[in-house]
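my_file-v1.csv, holding CSV, C-alpha atoms and all ligand atoms:
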```
chain,number,residue,atom,x,y,z
P,6,MET,CA,61.1,84.7,62.1
P,7,THR,CA,63.1,81.6,62.3
P,8,LEU,CA,66.5,83.4,62.5
P,9,ILE,CA,67.4,84.0,66.2
P,10,VAL,CA,69.2,87.3,66.6
P,11,LYS,CA,71.1,88.7,69.5
P,12,ARG,CA,72.2,92.4,70.0
P,13,GLY,CA,73.9,94.2,72.8
P,14,SER,CA,74.6,92.7,76.3
P,15,LEU,CA,72.5,90.1,78.0
P,16,PRO,CA,72.8,87.6,80.8
P,17,LYS,CA,73.8,84.1,79.6
P,18,THR,CA,70.8,82.6,81.4
P,19,PRO,CA,67.4,84.2,81.0
P,20,HIS,CA,65.8,85.9,83.9
P,21,THR,CA,68.9,86.1,86.1
P,22,GLU,CA,70.5,89.1,87.7
P,23,PHE,CA,72.4,91.2,85.2
P,24,ILE,CA,74.2,94.4,86.2
P,25,TYR,CA,75.1,96.8,83.3
P,26,LYS,CA,77.4,99.7,84.1
P,27,GLY,CA,76.2,99.6,87.7
P,28,ASN,CA,72.5,99.3,86.9
P,29,PHE,CA,70.3,96.4,87.9
P,30,THR,CA,68.7,95.7,84.5
P,31,LEU,CA,65.0,94.8,84.0
P,32,GLU,CA,63.8,92.0,81.7
P,33,GLU,CA,60.7,92.1,79.4
P,34,ILE,CA,59.4,89.4,77.0
P,35,HIS,CA,57.8,90.9,73.8
P,36,GLY,CA,55.8,87.8,72.8
P,37,SER,CA,53.3,86.8,70.2
P,38,GLN,CA,50.5,84.2,70.2
P,39,GLY,CA,50.3,84.3,74.0
P,40,PHE,CA,53.4,82.7,75.5
P,41,SER,CA,53.6,80.2,72.6
P,42,GLY,CA,54.7,82.2,69.5
P,43,PRO,CA,58.0,83.8,68.4
P,44,PHE,CA,59.3,86.3,71.1
P,45,SER,CA,62.2,88.4,72.0
P,46,ARG,CA,63.7,89.0,75.4
P,47,LYS,CA,64.5,92.7,76.0
P,48,VAL,CA,66.8,93.9,78.8
P,49,HIS,CA,66.1,97.5,79.9
P,50,LEU,CA,68.8,99.6,81.5
P,51,LYS,CA,66.8,100.5,84.6
P,52,SER,CA,63.1,101.3,83.9
P,53,TYR,CA,60.1,99.1,83.0
P,54,PRO,CA,58.1,100.0,79.8
P,55,THR,CA,55.1,100.3,82.2
P,56,GLU,CA,56.3,103.5,83.9
P,57,GLN,CA,53.7,106.1,82.7
P,58,VAL,CA,54.0,109.5,84.3
P,59,LYS,CA,50.7,110.9,83.0
P,60,ALA,CA,47.2,109.6,82.6
P,61,PRO,CA,46.6,108.1,79.2
P,62,ARG,CA,44.6,110.3,76.8
P,63,LYS,CA,42.9,110.2,73.5
P,64,ALA,CA,45.2,111.4,70.7
P,65,ASN,CA,44.1,114.2,68.4
P,66,PHE,CA,44.3,111.9,65.4
P,67,GLY,CA,43.2,108.3,64.6
P,68,PHE,CA,43.3,105.7,61.9
P,69,ALA,CA,39.7,104.4,61.9
P,70,PRO,CA,38.9,104.0,58.2
P,71,LYS,CA,35.9,105.6,56.6
P,72,PRO,CA,34.2,103.5,53.8
P,73,TYR,CA,33.0,105.0,50.5
P,74,ASP,CA,29.2,104.3,50.2
P,75,VAL,CA,29.3,103.3,46.6
P,76,SER,CA,31.8,100.5,47.5
P,77,ALA,CA,28.7,98.5,48.3
P,78,LEU,CA,28.5,98.0,44.5
P,79,LEU,CA,30.5,95.1,43.3
P,80,GLN,CA,33.1,96.7,41.0
P,81,PRO,CA,36.9,96.9,40.5
P,82,HIS,CA,38.7,100.1,41.2
P,83,LEU,CA,41.9,101.8,39.9
P,84,VAL,CA,43.2,104.4,42.2
P,85,GLN,CA,46.1,106.8,41.2
P,86,THR,CA,48.1,107.1,44.4
P,87,LYS,CA,50.7,109.4,42.6
P,88,ASP,CA,48.0,112.1,42.6
P,89,MET,CA,47.6,112.0,46.4
P,90,PRO,CA,49.1,115.0,48.1
P,91,VAL,CA,52.5,114.9,49.8
P,92,GLY,CA,52.5,116.4,53.3
P,93,GLY,CA,52.3,115.9,57.0
P,94,ASP,CA,54.5,113.8,59.2
P,95,ALA,CA,55.3,110.1,59.1
P,96,LEU,CA,53.4,109.5,62.3
P,97,THR,CA,49.9,110.9,61.4
P,98,GLY,CA,50.1,110.8,57.6
P,99,ARG,CA,49.0,107.3,56.6
P,100,LYS,CA,45.8,107.2,54.6
P,101,CYS,CA,43.8,104.0,54.5
P,102,MET,CA,42.9,102.7,51.0
P,103,VAL,CA,41.2,99.4,51.7
P,104,TYR,CA,40.4,97.5,54.8
P,105,GLY,CA,38.8,94.4,56.1
P,106,LEU,CA,38.4,92.6,59.5
P,107,ASN,CA,42.0,91.6,59.6
P,108,THR,CA,43.8,93.6,57.0
P,109,LYS,CA,44.4,97.2,56.1
P,110,VAL,CA,46.3,98.8,53.3
P,111,SER,CA,47.3,102.5,53.4
P,112,ILE,CA,49.4,105.0,51.5
P,113,LEU,CA,51.9,107.2,53.4
P,114,LYS,CA,53.4,110.3,51.7
P,115,PRO,CA,54.9,112.5,54.4
P,116,ASN,CA,57.4,115.3,54.0
P,117,ALA,CA,58.4,115.4,57.7
P,118,SER,CA,59.8,112.9,60.3
P,119,PHE,CA,57.9,112.0,63.5
P,120,PRO,CA,57.8,115.0,65.8
P,121,GLU,CA,60.9,115.1,68.0
P,122,LYS,CA,60.9,112.6,70.9
P,123,THR,CA,57.6,111.1,69.8
P,124,PHE,CA,56.9,107.4,69.1
P,125,PHE,CA,54.3,105.1,67.7
P,126,ARG,CA,53.2,101.6,68.6
P,127,ASN,CA,50.7,99.6,66.7
P,128,THR,CA,49.1,97.1,69.1
P,129,GLU,CA,46.4,96.1,66.7
P,130,HIS,CA,48.4,95.0,63.7
P,131,TYR,CA,51.7,93.7,62.4
P,132,GLU,CA,53.0,96.1,59.8
P,133,CYS,CA,54.8,95.8,56.5
P,134,PHE,CA,56.0,99.0,54.7
P,135,TYR,CA,56.9,99.0,51.1
P,136,PHE,CA,59.0,102.1,50.1
P,137,GLN,CA,58.2,103.2,46.6
P,138,ASP,CA,60.5,106.3,47.0
P,139,GLY,CA,62.5,108.1,49.6
P,140,GLU,CA,64.9,107.0,52.3
P,141,GLY,CA,65.2,107.4,56.1
P,142,GLU,CA,65.8,105.6,59.3
P,143,PHE,CA,63.5,103.4,61.2
P,144,LYS,CA,64.4,103.7,64.9
P,145,SER,CA,63.0,101.3,67.5
P,146,GLU,CA,63.8,99.8,70.8
P,147,TYR,CA,65.5,97.0,68.8
P,148,GLY,CA,67.9,99.5,67.2
P,149,THR,CA,68.1,101.4,63.9
P,150,ILE,CA,67.4,100.1,60.4
P,151,PRO,CA,68.2,102.5,57.4
P,152,PHE,CA,65.6,102.1,54.7
P,153,ARG,CA,65.5,103.0,51.0
P,154,LYS,CA,63.3,102.7,48.0
P,155,GLU,CA,62.3,99.2,46.8
P,156,THR,CA,62.5,97.7,50.3
P,157,TYR,CA,60.0,96.1,52.6
P,158,LEU,CA,60.2,96.9,56.3
P,159,VAL,CA,58.4,94.3,58.5
P,160,VAL,CA,57.5,95.5,62.0
P,161,PRO,CA,56.1,93.2,64.7
P,162,LYS,CA,52.9,94.2,66.5
P,163,GLY,CA,53.8,96.1,69.7
P,164,THR,CA,57.1,97.5,68.5
P,165,THR,CA,57.8,101.1,69.7
P,166,TYR,CA,59.3,103.1,66.9
P,167,ARG,CA,59.8,106.4,65.1
P,168,ILE,CA,60.6,107.2,61.5
P,169,ASP,CA,63.1,109.9,60.5
P,170,LEU,CA,63.3,111.0,56.9
P,171,LYS,CA,66.6,111.4,55.1
P,172,SER,CA,64.9,112.6,51.8
P,173,SER,CA,62.5,115.5,51.4
P,174,SER,CA,59.5,113.1,51.4
P,175,LEU,CA,58.5,109.4,51.5
P,176,TYR,CA,56.1,107.4,49.3
P,177,ALA,CA,55.2,104.1,50.9
P,178,LEU,CA,52.6,101.4,51.0
P,179,VAL,CA,51.7,100.3,54.5
P,180,ILE,CA,50.2,96.9,54.9
P,181,GLU,CA,48.7,95.9,58.3
P,182,SER,CA,47.6,92.5,59.5
P,183,LYS,CA,46.1,91.2,62.7
P,184,PHE,CA,48.4,88.1,62.2
P,185,PRO,CA,52.2,87.9,62.1
P,186,ILE,CA,53.8,88.7,58.7
P,187,GLU,CA,56.4,86.0,58.0
P,188,TRP,CA,58.0,83.9,55.4
P,189,PRO,CA,55.6,81.4,53.8
P,190,PRO,CA,55.9,78.2,55.8
P,191,HIS,CA,56.2,76.1,52.6
P,192,TYR,CA,59.4,77.9,51.8
P,193,MET,CA,61.0,76.6,55.0
P,194,ASN,CA,62.6,73.2,55.7
P,195,HIS,CA,62.3,71.3,59.0
P,196,GLY,CA,65.3,73.2,60.4
P,197,GLY,CA,63.5,76.5,59.7
P,198,GLN,CA,65.8,77.5,56.8
P,199,ALA,CA,64.6,78.6,53.4
P,200,HIS,CA,64.9,75.5,51.3
P,201,LEU,CA,67.1,75.5,48.3
P,202,THR,CA,64.4,76.2,45.7
P,203,SER,CA,62.7,79.0,47.6
P,204,PRO,CA,62.6,82.5,45.9
P,205,VAL,CA,63.4,84.2,49.3
P,206,ILE,CA,66.4,83.5,51.5
P,207,GLU,CA,65.9,84.4,55.2
P,208,THR,CA,69.6,85.4,55.6
P,209,GLU,CA,69.2,88.2,53.1
P,210,ILE,CA,67.3,90.4,55.5
P,211,GLU,CA,68.8,93.6,57.0
P,212,LEU,CA,68.7,93.8,60.8
P,213,PRO,CA,68.6,96.6,63.4
P,214,GLU,CA,71.8,97.7,64.9
P,215,LEU,CA,71.5,98.5,68.6
P,216,PRO,CA,73.1,101.7,69.8
P,217,GLU,CA,74.0,102.3,73.5
P,218,PRO,CA,70.9,102.6,75.7
P,219,ILE,CA,69.5,106.1,76.0
P,220,ASP,CA,69.4,107.1,79.7
P,221,GLU,CA,67.2,110.2,79.7
P,222,ARG,CA,64.3,111.4,81.9
P,223,GLY,CA,61.5,113.6,80.7
P,224,ASP,CA,58.1,113.2,79.0
P,225,PHE,CA,58.2,110.7,76.1
P,226,PRO,CA,54.8,110.4,74.4
P,227,ILE,CA,54.0,107.0,72.6
P,228,PHE,CA,50.9,107.0,70.4
P,229,VAL,CA,49.4,103.6,70.6
P,230,GLN,CA,47.0,102.2,67.9
P,231,HIS,CA,44.3,99.8,69.2
P,232,ALA,CA,40.7,98.7,68.7
P,233,GLY,CA,39.8,99.6,65.2
P,234,GLY,CA,42.2,102.5,64.5
P,235,LYS,CA,41.8,104.3,67.8
P,236,VAL,CA,44.9,106.0,69.1
P,237,THR,CA,45.7,106.6,72.8
P,238,GLU,CA,48.7,108.7,73.9
P,239,ILE,CA,50.6,107.3,76.8
P,240,THR,CA,53.6,109.1,78.4
P,241,LEU,CA,56.7,107.4,79.7
P,242,GLY,CA,59.0,109.2,82.1
P,243,HIS,CA,62.1,107.8,80.4
P,244,HIS,CA,63.3,107.4,76.8
P,245,PRO,CA,61.8,104.1,75.4
P,246,PHE,CA,65.0,103.2,73.6
P,247,CYS,CA,66.7,102.0,76.8
P,248,LEU,CA,67.7,98.4,75.9
P,249,VAL,CA,71.1,97.2,76.8
P,250,GLY,CA,70.5,94.1,74.8
P,251,TRP,CA,67.9,91.8,73.2
P,252,GLU,CA,67.7,88.3,71.7
P,253,GLY,CA,65.0,86.4,70.1
P,254,ALA,CA,62.9,85.8,67.0
P,255,LEU,CA,60.5,88.8,67.1
P,256,TYR,CA,62.1,92.0,65.7
P,257,PRO,CA,61.8,94.4,62.8
P,258,PHE,CA,63.7,93.7,59.6
P,259,LEU,CA,64.2,95.0,56.1
P,260,PHE,CA,64.0,93.0,52.9
P,261,ASP,CA,64.9,94.3,49.5
P,262,ILE,CA,62.2,93.4,46.9
P,263,ASN,CA,65.1,92.9,44.4
P,264,ASN,CA,66.1,89.9,46.6
P,265,HIS,CA,63.0,88.1,45.7
P,266,HIS,CA,64.6,85.7,43.3
P,267,GLY,CA,62.1,85.1,40.5
P,268,ILE,CA,61.4,81.5,39.4
P,269,ALA,CA,60.5,81.0,35.8
P,270,ARG,CA,59.2,78.0,33.9
P,271,GLU,CA,58.5,77.2,30.3
P,272,ILE,CA,54.9,78.2,30.5
P,273,HIS,CA,53.1,80.9,32.5
P,274,THR,CA,53.3,80.4,36.3
P,275,ALA,CA,50.5,81.5,38.7
P,276,PRO,CA,51.1,84.2,41.3
P,277,PRO,CA,52.0,81.9,44.3
P,278,VAL,CA,55.5,81.7,42.8
P,279,HIS,CA,55.8,85.5,43.5
P,280,GLN,CA,54.9,85.2,47.1
P,281,THR,CA,57.3,86.9,49.5
P,282,PHE,CA,55.4,87.0,52.8
P,283,HIS,CA,52.5,85.1,54.4
P,284,SER,CA,50.1,86.3,57.1
P,285,GLY,CA,47.6,84.2,59.0
P,286,LEU,CA,46.5,80.7,58.4
P,287,ILE,CA,46.5,80.4,54.6
P,288,PRO,CA,44.4,79.2,52.9
P,289,HIS,CA,41.7,79.8,55.5
P,290,MET,CA,42.4,83.4,56.6
P,291,GLY,CA,45.1,86.1,56.3
P,292,PHE,CA,46.8,87.1,53.0
P,293,SER,CA,49.7,86.3,50.8
P,294,LEU,CA,52.0,89.2,49.8
P,295,CYS,CA,53.6,88.9,46.4
P,296,SER,CA,56.5,90.6,44.6
P,297,PHE,CA,56.3,90.8,40.8
P,298,VAL,CA,60.0,91.4,40.0
P,299,PRO,CA,61.7,91.4,36.6
P,300,GLN,CA,62.2,87.8,35.3
P,301,MET,CA,62.3,85.8,32.2
P,302,GLU,CA,58.9,85.1,30.6
P,303,GLY,CA,58.0,81.6,29.6
P,304,TRP,CA,59.9,80.3,26.6
P,305,HIS,CA,57.4,77.6,25.3
P,306,GLU,CA,57.1,78.2,21.5
P,307,LYS,CA,53.4,79.1,22.0
P,308,GLU,CA,53.7,80.7,25.4
P,309,ILE,CA,51.3,83.6,26.3
P,310,PRO,CA,53.2,85.7,28.9
P,311,ALA,CA,50.1,87.7,29.9
P,312,PRO,CA,48.0,85.9,32.6
P,313,TYR,CA,44.6,84.2,32.0
P,314,ALA,CA,41.4,85.8,33.2
P,315,HIS,CA,41.0,84.6,36.8
P,316,TYR,CA,38.1,84.4,39.1
P,317,ASN,CA,39.4,83.7,42.6
P,318,VAL,CA,36.2,83.7,44.5
P,319,ASP,CA,37.7,83.5,48.0
P,320,SER,CA,40.2,86.4,47.5
P,321,ASP,CA,40.1,90.1,47.2
P,322,GLU,CA,43.2,91.3,45.4
P,323,VAL,CA,45.0,94.6,45.7
P,324,MET,CA,48.0,95.5,43.6
P,325,PHE,CA,50.4,98.4,43.7
P,326,PHE,CA,52.3,99.1,40.5
P,327,CYS,CA,55.8,100.4,41.2
P,328,ASN,CA,56.3,101.1,37.5
P,329,THR,CA,54.2,100.9,34.3
P,330,SER,CA,55.9,97.8,32.8
P,331,TYR,CA,53.0,95.4,33.4
P,332,GLY,CA,51.9,94.0,30.1
P,333,ALA,CA,48.4,92.9,31.2
P,334,ARG,CA,47.4,96.5,32.2
P,335,GLU,CA,49.4,98.5,29.6
P,336,GLY,CA,47.7,101.8,28.8
P,337,VAL,CA,45.8,102.1,32.1
P,338,LEU,CA,48.7,102.2,34.5
P,339,LYS,CA,50.8,105.0,35.9
P,340,GLU,CA,53.5,104.8,38.6
P,341,GLY,CA,51.7,104.1,41.8
P,342,SER,CA,48.5,102.9,40.3
P,343,PHE,CA,46.6,100.8,42.8
P,344,THR,CA,44.0,98.3,41.7
P,345,PHE,CA,41.4,96.6,43.8
P,346,HIS,CA,39.7,93.6,42.3
P,347,PRO,CA,37.1,92.0,44.6
P,348,GLY,CA,36.7,88.2,44.6
P,349,GLY,CA,33.1,88.5,43.5
P,350,MET,CA,34.1,89.1,39.9
P,351,PRO,CA,36.7,87.8,37.4
P,352,HIS,CA,39.4,90.0,36.1
P,353,SER,CA,41.6,89.7,33.0
P,354,PRO,CA,44.4,91.4,31.0
P,355,HIS,CA,43.1,94.5,29.1
P,356,GLY,CA,42.1,94.4,25.5
P,357,GLY,CA,44.7,92.8,23.2
P,358,ALA,CA,47.3,92.3,25.9
P,359,ALA,CA,47.3,88.5,25.7
P,360,GLU,CA,48.1,88.5,22.0
P,361,ARG,CA,50.5,91.4,22.3
P,362,SER,CA,52.4,89.7,25.1
P,363,THR,CA,53.5,86.8,22.8
P,364,LYS,CA,56.3,89.1,21.6
P,365,ALA,CA,57.8,88.9,25.1
P,366,ARG,CA,58.2,85.1,25.0
P,367,GLY,CA,61.5,84.1,26.6
P,368,LYS,CA,62.5,87.7,27.2
P,369,MET,CA,63.2,89.6,30.5
P,370,SER,CA,60.2,91.6,31.9
P,371,LYS,CA,60.8,95.0,33.5
P,372,ARG,CA,57.8,94.9,35.8
P,373,LEU,CA,57.8,95.7,39.5
P,374,ALA,CA,54.6,95.4,41.6
P,375,VAL,CA,53.4,94.4,45.0
P,376,MET,CA,50.3,92.3,45.3
P,377,LEU,CA,48.2,91.3,48.3
P,378,ASP,CA,45.5,88.5,48.1
P,379,THR,CA,43.3,88.0,51.1
P,380,TYR,CA,41.7,84.6,52.0
P,381,PHE,CA,38.0,84.6,52.9
P,382,GLU,CA,38.2,88.3,53.8
P,383,SER,CA,36.3,91.1,51.9
P,384,LEU,CA,37.9,94.5,51.7
P,385,THR,CA,36.2,97.8,51.5
P,386,LEU,CA,37.4,100.9,49.6
P,387,THR,CA,37.7,104.0,51.7
P,388,ASP,CA,36.2,107.4,51.0
P,389,PHE,CA,39.8,108.9,50.7
P,390,ALA,CA,40.8,106.3,48.1
P,391,TYR,CA,37.7,106.9,46.0
P,392,LYS,CA,38.6,110.5,45.5
P,393,PHE,CA,41.6,109.4,43.4
P,394,ALA,CA,39.8,106.6,41.6
P,395,GLU,CA,39.4,106.4,37.8
P,396,LYS,CA,35.6,106.4,37.6
P,397,LYS,CA,35.3,104.5,34.4
P,398,TYR,CA,37.7,101.6,35.3
P,399,ALA,CA,35.0,99.0,35.3
P,400,GLU,CA,34.3,99.7,31.6
P,401,SER,CA,38.0,100.0,30.6
P,402,TRP,CA,38.2,96.3,29.4
P,403,SER,CA,35.9,97.1,26.6
P,404,GLU,CA,37.4,100.4,25.4
P,405,LYS,CA,38.8,100.5,21.9
P,406,ASP,CA,42.1,102.2,23.1
P,407,ASN,CA,43.1,99.0,24.8
P,408,GLU,CA,42.6,96.7,21.9
P,501,FE,FE,44.8,89.1,39.5
```
Transcribe the structure of this file into structure tokens.
Ligand SMILES: [Fe+2]
Amino acid sequence: MTLIVKRGSLPKTPHTEFIYKGNFTLEEIHGSQGFSGPFSRKVHLKSYPTEQVKAPRKANFGFAPKPYDVSALLQPHLVQTKDMPVGGDALTGRKCMVYGLNTKVSILKPNASFPEKTFFRNTEHYECFYFQDGEGEFKSEYGTIPFRKETYLVVPKGTTYRIDLKSSSLYALVIESKFPIEWPPHYMNHGGQAHLTSPVIETEIELPELPEPIDERGDFPIFVQHAGGKVTEITLGHHPFCLVGWEGALYPFLFDINNHHGIAREIHTAPPVHQTFHSGLIPHMGFSLCSFVPQMEGWHEKEIPAPYAHYNVDSDEVMFFCNTSYGAREGVLKEGSFTFHPGGMPHSPHGGAAERSTKARGKMSKRLAVMLDTYFESLTLTDFAYKFAEKKYAESWSEKDNE
């Protein structure tokens, strides 16, 4: 993040003595890309985040994905995530849908908060949640961020947090990346601001509010994800939310998908215009994360609003449909439909969608969808996702119903 944020109390000069309410505070740098990337300086009340009071142990759950054997066949998939059961807690409930060497996409549908005084830290991946439904509070060492439906929550690798539900359940997409998830660099000017023609504006993010530090002793388990979805339980002897202040450029934040300000042109515009976030070194690795929000379709007198067939050989594409108003897939979509189109084959609008879409020329669309395109990274469908897949999807382009 280019926006430097400051919360709570800190010494004016880094790494100098700072007494807070009689306590000699302790400094920590939460850094990325070694000592060279965006970082935040955290000031702990009186305990270091290294003070484990029990030996680390293997958690009784893990997030190592299991592939579905038939995914070795080259074929597109349509998975109905709405049909997946709701249940479990927000800590253990994420279910991987597709994964690759650097990227993982899961669905999370819990009906309970994290267990009390229990925390999670993903040290393998940066995370981005998209909340399809529900509301709650994301509580971390950086403070609290309330979240609601139709928002993205971006969480740096290594952040210690918990999730508390305010609704009876949640319905979320969880995107993980080995690389930072940030604004696309081409949206930023030399000063680090979003330039004046960018669809996203960095100041529209919602930031954590830092409460008073929690000064509490006891056993505080943190479940730490590492090394391919393994989870190790470590136990601190003090509450991990003990910061008196922090400042820097690495922190969790919320972004409302409706603040992706669509850009229209006279004729159809390719998906890069819908890009909200960037991860990795595009176009050589990583992914772009796009938001398809309602916007005016092209107004050329012969405009075809539906996209062309496309064959992006270096990208695997996954798409989560927040509603059914997506003209190119009309008739096959439900709320929460999840498509996976591997780069090895072209995909196109269904049946007569291209011709039908001409009626939408110059009109506002109602679509809402989240799309992720990888670069030079193949994804694999999981065993879990395949259970909810439409088994005849590969043949659905030739079905009469869609003409
Ligand atoms: Fe596509």
- prompt: Hey, what's within 8 Å of Gly341 in chain P if we count all atoms listed in the file and toss same-chain stuff fewer than 5 positions away? As an MDAnalysis selection string, please?
  reply: chainID P and resid 85:87 325:328
field: Within-7 Å residues of ligand FE 501 (chain P), basis only C-alpha atoms and all ligand atoms, as a PyMOL selection string
entry: chain P and resi 315+322+352
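Closest approach to Lys183 in chain P among P:Glu121, P:Asp169, P:Glu340, P:Glu129 is made by P:Glu129 (distances from only C-alpha atoms).
Checking P:Gly242, P:Pro19, P:Pro81, P:Pro310 one by one against Ile272 in chain P, counting only C-alpha atoms, you find the shortest gap at P:Pro310.
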- request: Counting only C-alpha atoms, write as number ranges by chain all protein and nucleic acid residues lying at most 7 Å from (53.7, 87.3, 56.0) in the file's frame.
  value: P: 185-189, 282-284, 293-294
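Counting only C-alpha atoms and comparing P:Leu113, P:Ser182, P:Thr344, P:Val160, the residue that lies closest to Ala394 in chain P is P:Thr344.
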task: Take CA of Lys162 in chain P and CA of Ser145 in chain P and report the distance between them in Å, one decimal.
output: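 According to the coordinates, CA of Lys162 in chain P and CA of Ser145 in chain P are separated by 12.4 Å.
Checking P:Ala232, P:Ala399, P:Leu338, P:Met301 one by one against Gly367 in chain P, counting only C-alpha atoms, you find the shortest gap at P:Met301.
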task: Grab the CA of Asp321 in chain P to CA of Gly291 in chain P distance for me, in Å with one decimal place.
output: 11.1 Å
Where atoms are missing, can you supply N, CA and C atoms for range 330-348 of chain P and output the lot as a short mmCIF file (atom, residue, chain, number, x, y, z; two decimals), in the frame of the given file?
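Result went into out-v4.cif, see below:
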```
data_model
loop_
_atom_site.label_atom_id
_atom_site.label_comp_id
_atom_site.auth_asym_id
_atom_site.auth_seq_id
_atom_site.Cartn_x
_atom_site.Cartn_y
_atom_site.Cartn_z
N SER P 330 55.53 98.96 33.68
CA SER P 330 55.90 97.80 32.80
C SER P 330 55.11 96.56 33.20
N TYR P 331 53.82 96.60 33.13
CA TYR P 331 53.00 95.40 33.40
C TYR P 331 52.10 95.17 32.27
N GLY P 332 52.52 94.24 31.42
CA GLY P 332 51.90 94.00 30.10
C GLY P 332 50.37 93.93 30.16
N ALA P 333 49.84 93.21 31.17
CA ALA P 333 48.40 92.90 31.20
C ALA P 333 47.57 94.20 31.41
N ARG P 334 48.18 95.28 31.94
CA ARG P 334 47.40 96.50 32.20
C ARG P 334 48.00 97.70 31.44
N GLU P 335 48.75 97.41 30.38
CA GLU P 335 49.40 98.50 29.60
C GLU P 335 48.32 99.47 29.14
N GLY P 336 48.63 100.76 29.26
CA GLY P 336 47.70 101.80 28.80
C GLY P 336 46.81 102.33 29.89
N VAL P 337 46.60 101.58 30.98
CA VAL P 337 45.80 102.10 32.10
C VAL P 337 46.60 102.44 33.30
N LEU P 338 47.87 102.05 33.28
CA LEU P 338 48.70 102.20 34.50
C LEU P 338 49.56 103.46 34.47
N LYS P 339 49.77 104.00 35.69
CA LYS P 339 50.80 105.00 35.90
C LYS P 339 51.63 104.50 37.08
N GLU P 340 52.76 105.14 37.36
CA GLU P 340 53.50 104.80 38.60
C GLU P 340 52.59 104.96 39.76
N GLY P 341 52.54 104.00 40.64
CA GLY P 341 51.70 104.10 41.80
C GLY P 341 50.26 103.80 41.65
N SER P 342 49.91 103.30 40.47
CA SER P 342 48.50 102.90 40.30
C SER P 342 48.22 101.72 41.27
N PHE P 343 47.01 101.74 41.79
CA PHE P 343 46.60 100.80 42.80
C PHE P 343 45.30 100.17 42.35
N THR P 344 45.29 98.87 42.10
CA THR P 344 44.00 98.30 41.70
C THR P 344 43.45 97.42 42.81
N PHE P 345 42.14 97.39 42.83
CA PHE P 345 41.40 96.60 43.80
C PHE P 345 40.39 95.77 43.06
N HIS P 346 40.62 94.46 43.02
CA HIS P 346 39.70 93.60 42.30
C HIS P 346 39.05 92.64 43.33
N PRO P 347 37.78 92.88 43.65
CA PRO P 347 37.10 92.00 44.60
C PRO P 347 36.89 90.61 44.09
N GLY P 348 36.86 89.65 45.01
CA GLY P 348 36.70 88.20 44.60
C GLY P 348 35.43 87.91 43.91
#
```
